[in-house]
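With mmCIF, C-alpha atoms inside, this is protein29.cif:
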data_data
loop_
_atom_site.group_PDB
_atom_site.id
_atom_site.type_symbol
_atom_site.label_atom_id
_atom_site.label_comp_id
_atom_site.auth_asym_id
_atom_site.auth_seq_id
_atom_site.Cartn_x
_atom_site.Cartn_y
_atom_site.Cartn_z
ATOM 1 C CA MET P 21 231.576 199.206 126.789
ATOM 2 C CA LYS P 22 230.106 199.353 123.336
ATOM 3 C CA LEU P 23 230.359 202.645 121.482
ATOM 4 C CA LYS P 24 226.631 202.746 120.855
ATOM 5 C CA LYS P 25 225.961 202.792 124.621
ATOM 6 C CA ILE P 26 228.449 205.610 125.145
ATOM 7 C CA TYR P 27 226.923 207.516 122.226
ATOM 8 C CA THR P 28 223.406 207.041 123.630
ATOM 9 C CA ALA P 29 224.535 208.166 127.087
ATOM 10 C CA GLY P 30 226.169 211.187 125.459
ATOM 11 C CA VAL P 31 222.929 212.173 123.802
ATOM 12 C CA LEU P 32 220.957 211.684 127.037
ATOM 13 C CA HIS P 33 223.537 212.669 129.678
ATOM 14 C CA ASP P 34 221.798 215.924 130.654
ATOM 15 C CA ILE P 35 218.206 214.684 130.410
ATOM 16 C CA GLY P 36 217.885 215.177 134.169
ATOM 17 C CA LYS P 37 218.009 218.928 133.567
ATOM 18 C CA VAL P 38 214.350 218.740 132.543
ATOM 19 C CA LEU P 39 213.661 218.635 136.290
ATOM 20 C CA ILE P 40 215.857 221.655 137.089
ATOM 21 C CA PRO P 41 213.991 224.999 137.315
ATOM 22 C CA THR P 42 214.338 227.051 134.135
ATOM 23 C CA GLU P 43 215.466 230.119 136.074
ATOM 24 C CA ILE P 44 218.523 228.174 137.258
ATOM 25 C CA LEU P 45 219.294 226.728 133.828
ATOM 26 C CA ASN P 46 219.035 230.137 132.158
ATOM 27 C CA LYS P 47 220.546 232.267 134.914
ATOM 28 C CA ASN P 48 222.640 235.072 133.481
ATOM 29 C CA GLY P 49 225.496 234.757 135.974
ATOM 30 C CA PRO P 50 227.133 232.374 138.426
ATOM 31 C CA LEU P 51 224.976 230.067 140.508
ATOM 32 C CA ASN P 52 224.804 230.520 144.272
ATOM 33 C CA GLU P 53 225.356 227.547 146.606
ATOM 34 C CA GLU P 54 221.671 226.595 146.759
ATOM 35 C CA GLU P 55 221.377 226.744 142.960
ATOM 36 C CA LYS P 56 224.575 224.672 142.561
ATOM 37 C CA ASN P 57 223.114 222.079 144.918
ATOM 38 C CA ILE P 58 219.920 221.898 142.862
ATOM 39 C CA MET P 59 221.866 221.717 139.584
ATOM 40 C CA SER P 60 224.103 218.942 140.948
ATOM 41 C CA LYS P 61 221.044 216.694 141.167
ATOM 42 C CA HIS P 62 220.619 216.479 137.381
ATOM 43 C CA PRO P 63 222.794 213.345 136.960
ATOM 44 C CA VAL P 64 220.653 211.455 139.502
ATOM 45 C CA TYR P 65 217.450 212.721 137.901
ATOM 46 C CA GLY P 66 218.778 211.585 134.521
ATOM 47 C CA TYR P 67 219.731 208.214 135.952
ATOM 48 C CA GLU P 68 216.240 207.757 137.390
ATOM 49 C CA ILE P 69 214.555 208.725 134.124
ATOM 50 C CA VAL P 70 216.726 206.511 131.925
ATOM 51 C CA SER P 71 216.970 203.505 134.262
ATOM 52 C CA SER P 72 213.181 203.282 134.299
ATOM 53 C CA LEU P 73 213.340 202.232 130.633
ATOM 54 C CA ASN P 74 214.550 198.637 130.207
ATOM 55 C CA ILE P 75 216.170 199.338 126.861
ATOM 56 C CA LEU P 76 218.355 202.095 128.412
ATOM 57 C CA LYS P 77 219.231 200.573 131.801
ATOM 58 C CA GLU P 78 222.841 199.913 130.766
ATOM 59 C CA VAL P 79 223.516 203.568 129.902
ATOM 60 C CA ALA P 80 221.961 204.921 133.112
ATOM 61 C CA PRO P 81 225.166 204.613 135.219
ATOM 62 C CA LEU P 82 227.116 206.585 132.609
ATOM 63 C CA ILE P 83 224.615 209.412 132.975
ATOM 64 C CA LYS P 84 224.666 209.216 136.769
ATOM 65 C CA TYR P 85 228.455 209.392 137.095
ATOM 66 C CA HIS P 86 229.464 211.857 134.356
ATOM 67 C CA HIS P 87 230.243 214.571 136.962
ATOM 68 C CA GLU P 88 232.478 212.491 139.225
ATOM 69 C CA ARG P 89 236.173 213.466 139.576
ATOM 70 C CA TYR P 90 238.960 211.109 138.550
ATOM 71 C CA SER P 91 240.978 211.923 141.683
ATOM 72 C CA ILE P 92 240.008 213.165 145.103
ATOM 73 C CA GLY P 93 240.169 216.959 144.984
ATOM 74 C CA GLU P 94 242.027 219.282 147.343
ATOM 75 C CA ASN P 95 238.802 219.742 149.301
ATOM 76 C CA GLY P 96 238.443 215.981 149.758
ATOM 77 C CA HIS P 97 235.615 215.614 147.230
ATOM 78 C CA SER P 98 235.484 213.480 144.119
ATOM 79 C CA GLY P 99 232.637 215.109 142.259
ATOM 80 C CA TYR P 100 229.014 214.170 142.448
ATOM 81 C CA PRO P 101 226.632 212.504 143.081
ATOM 82 C CA ASN P 102 228.511 209.653 144.809
ATOM 83 C CA GLU P 103 232.104 210.936 145.083
ATOM 84 C CA LYS P 104 233.441 208.018 143.062
ATOM 85 C CA HIS P 105 236.950 208.341 141.698
ATOM 86 C CA GLY P 106 239.435 206.595 139.426
ATOM 87 C CA GLU P 107 238.507 203.230 138.019
ATOM 88 C CA ASP P 108 235.364 203.147 140.189
ATOM 89 C CA ILE P 109 233.806 205.518 137.643
ATOM 90 C CA PRO P 110 232.563 203.579 134.603
ATOM 91 C CA ILE P 111 234.797 204.211 131.581
ATOM 92 C CA GLY P 112 231.850 205.526 129.568
ATOM 93 C CA ALA P 113 231.156 208.122 132.266
ATOM 94 C CA ARG P 114 234.841 209.144 132.238
ATOM 95 C CA ILE P 115 234.619 209.628 128.473
ATOM 96 C CA LEU P 116 231.415 211.660 128.847
ATOM 97 C CA ALA P 117 233.047 213.830 131.522
ATOM 98 C CA VAL P 118 235.799 214.911 129.139
ATOM 99 C CA ALA P 119 233.487 215.462 126.164
ATOM 100 C CA ASP P 120 230.861 217.282 128.242
ATOM 101 C CA SER P 121 233.430 219.577 129.851
ATOM 102 C CA PHE P 122 235.024 220.361 126.500
ATOM 103 C CA ASP P 123 231.624 221.204 125.041
ATOM 104 C CA ALA P 124 230.776 223.389 128.051
ATOM 105 C CA MET P 125 234.039 225.305 127.686
ATOM 106 C CA ILE P 126 233.775 226.051 123.965
ATOM 107 C CA THR P 127 230.021 226.767 123.853
ATOM 108 C CA ASP P 128 228.497 230.178 124.504
ATOM 109 C CA ARG P 129 226.445 230.370 127.693
ATOM 110 C CA PRO P 130 223.959 233.051 128.792
ATOM 111 C CA TYR P 131 226.606 234.425 131.151
ATOM 112 C CA ARG P 132 229.792 234.077 129.023
ATOM 113 C CA LYS P 133 231.206 233.456 125.575
ATOM 114 C CA GLY P 134 232.721 230.102 124.732
ATOM 115 C CA MET P 135 236.505 229.912 124.870
ATOM 116 C CA PRO P 136 238.840 229.040 121.995
ATOM 117 C CA ILE P 137 239.359 225.337 121.366
ATOM 118 C CA GLU P 138 243.088 225.609 122.094
ATOM 119 C CA LYS P 139 242.391 227.007 125.576
ATOM 120 C CA ALA P 140 239.860 224.247 126.322
ATOM 121 C CA VAL P 141 242.404 221.611 125.246
ATOM 122 C CA ASN P 142 244.969 223.156 127.608
ATOM 123 C CA ILE P 143 242.502 223.099 130.507
ATOM 124 C CA LEU P 144 241.690 219.445 129.843
ATOM 125 C CA ARG P 145 245.407 218.650 129.902
ATOM 126 C CA GLU P 146 245.891 220.603 133.146
ATOM 127 C CA GLU P 147 243.045 218.631 134.734
ATOM 128 C CA ALA P 148 244.242 215.224 133.479
ATOM 129 C CA GLY P 149 244.764 213.002 136.494
ATOM 130 C CA LYS P 150 242.767 215.397 138.659
ATOM 131 C CA GLN P 151 239.264 215.965 137.343
ATOM 132 C CA PHE P 152 239.639 213.708 134.305
ATOM 133 C CA ASP P 153 241.069 210.307 133.417
ATOM 134 C CA PRO P 154 244.498 211.127 131.923
ATOM 135 C CA GLN P 155 244.313 208.418 129.252
ATOM 136 C CA ILE P 156 240.973 209.698 128.005
ATOM 137 C CA VAL P 157 242.220 213.306 128.007
ATOM 138 C CA ASN P 158 245.267 212.252 125.989
ATOM 139 C CA ILE P 159 243.203 210.435 123.374
ATOM 140 C CA PHE P 160 240.528 213.150 123.225
ATOM 141 C CA THR P 161 242.937 216.079 122.932
ATOM 142 C CA SER P 162 244.995 214.242 120.306
ATOM 143 C CA MET P 163 241.839 213.739 118.252
ATOM 144 C CA VAL P 164 240.812 217.396 118.619
ATOM 145 C CA GLU P 165 244.272 218.613 117.610
ATOM 146 C CA HIS P 166 244.303 216.257 114.615
ATOM 147 C CA GLU P 167 240.919 217.576 113.489
ATOM 148 C CA MET P 168 242.103 221.176 113.903
ATOM 149 C CA LYS P 169 245.194 220.468 111.763
ATOM 150 C CA MET P 170 243.049 218.828 109.088
ATOM 151 C CA TYR P 171 240.607 221.749 109.133
ATOM 152 C CA LYS P 172 243.391 224.335 108.788
ATOM 153 C CA LYS P 173 245.017 222.275 106.036
ATOM 154 C CA ASN P 174 241.787 222.251 104.023
ATOM 155 C CA ILE P 175 241.059 225.964 104.286
#

Translate this file's structure into structure tokens.
Amino acid sequence: MKLKKIYTAGVLHDIGKVLIPTEILNKNGPLNEEEKNIMSKHPVYGYEIVSSLNILKEVAPLIKYHHERYSIGENGHSGYPNEKHGEDIPIGARILAVADSFDAMITDRPYRKGMPIEKAVNILREEAGKQFDPQIVNIFTSMVEHEMKMYKKNI
């Protein structure tokens, strides 16, 4: 997978949220089951939007599968929309899953403050082999920690 395709999918991965009602996107609290079900459709909506454009067809699967789980969860599910797991998830989608989750954890939301980077890194490591591809988590967290060391060194 070429880096440009992964980058493009990263930029567009949540484009399907344009079809999610604003009151769900901006809800100031946890989503109920019906709202979660609606929100879980955004990867398919994004896939449909992007795959309709010939120039972006190759990035569409990365968008569609960025919320799949690397392993089958305790409840028997492997994420959404298709419950793919392991190597059946395109590598670009596995990369997006880690980056997207990290961003979600450290970014302020209407209903909570973002968490410290160190805590997000620990959660990614805890979920390696479960929710996330362990090799990607290892590479990603190593890069984040390197950047944090360089930042602290230059202060």

Next item on the list: Starting from the shown file, work through the PyMOL selection byres ((chain P and resi 154-160) around 7) and note down what comes out as an MDAnalysis selection string.
Entry: chainID P and resid 115 118 144:145 148:149 152:153 161:164

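In terms of minimum interatomic distance to P:Leu23, P:Gly112 ranks closest within P:Gly66, P:Gly36, P:Gly112, P:Pro136, counting all atoms listed in the file.
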
Listed atoms of stretch 151-161 of chain P boxed along x, y and z, 6 Å each side, centre and edge lengths in Å, one decimal, as AutoDock Vina command-line options:
--center_x 242.3 --center_y 212.2 --center_z 130.1 --size_x 18.0 --size_y 19.7 --size_z 26.4

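For the set P:Ile126, P:Ile44, P:Ala80, P:Ala29, the residue with the smallest atom-to-atom gap to P:Tyr67 is P:Ala80, counting all atoms listed in the file.
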
Next item on the list: Check the smallest atom-to-atom distance from each of P:Tyr171, P:Glu54, P:Lys77, P:Ile137 to P:Ser121 using only C-alpha atoms, then report the winner.
Entry: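 Among the listed residues, the smallest separation from P:Ser121 belongs to P:Ile137.
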
Next item on the list: Tell me, in Å to one decimal, how far atom CA of P:Met59 is from atom CA of P:Thr42.
Entry: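 Between atom CA of P:Met59 and atom CA of P:Thr42 the gap works out to 10.7 Å.
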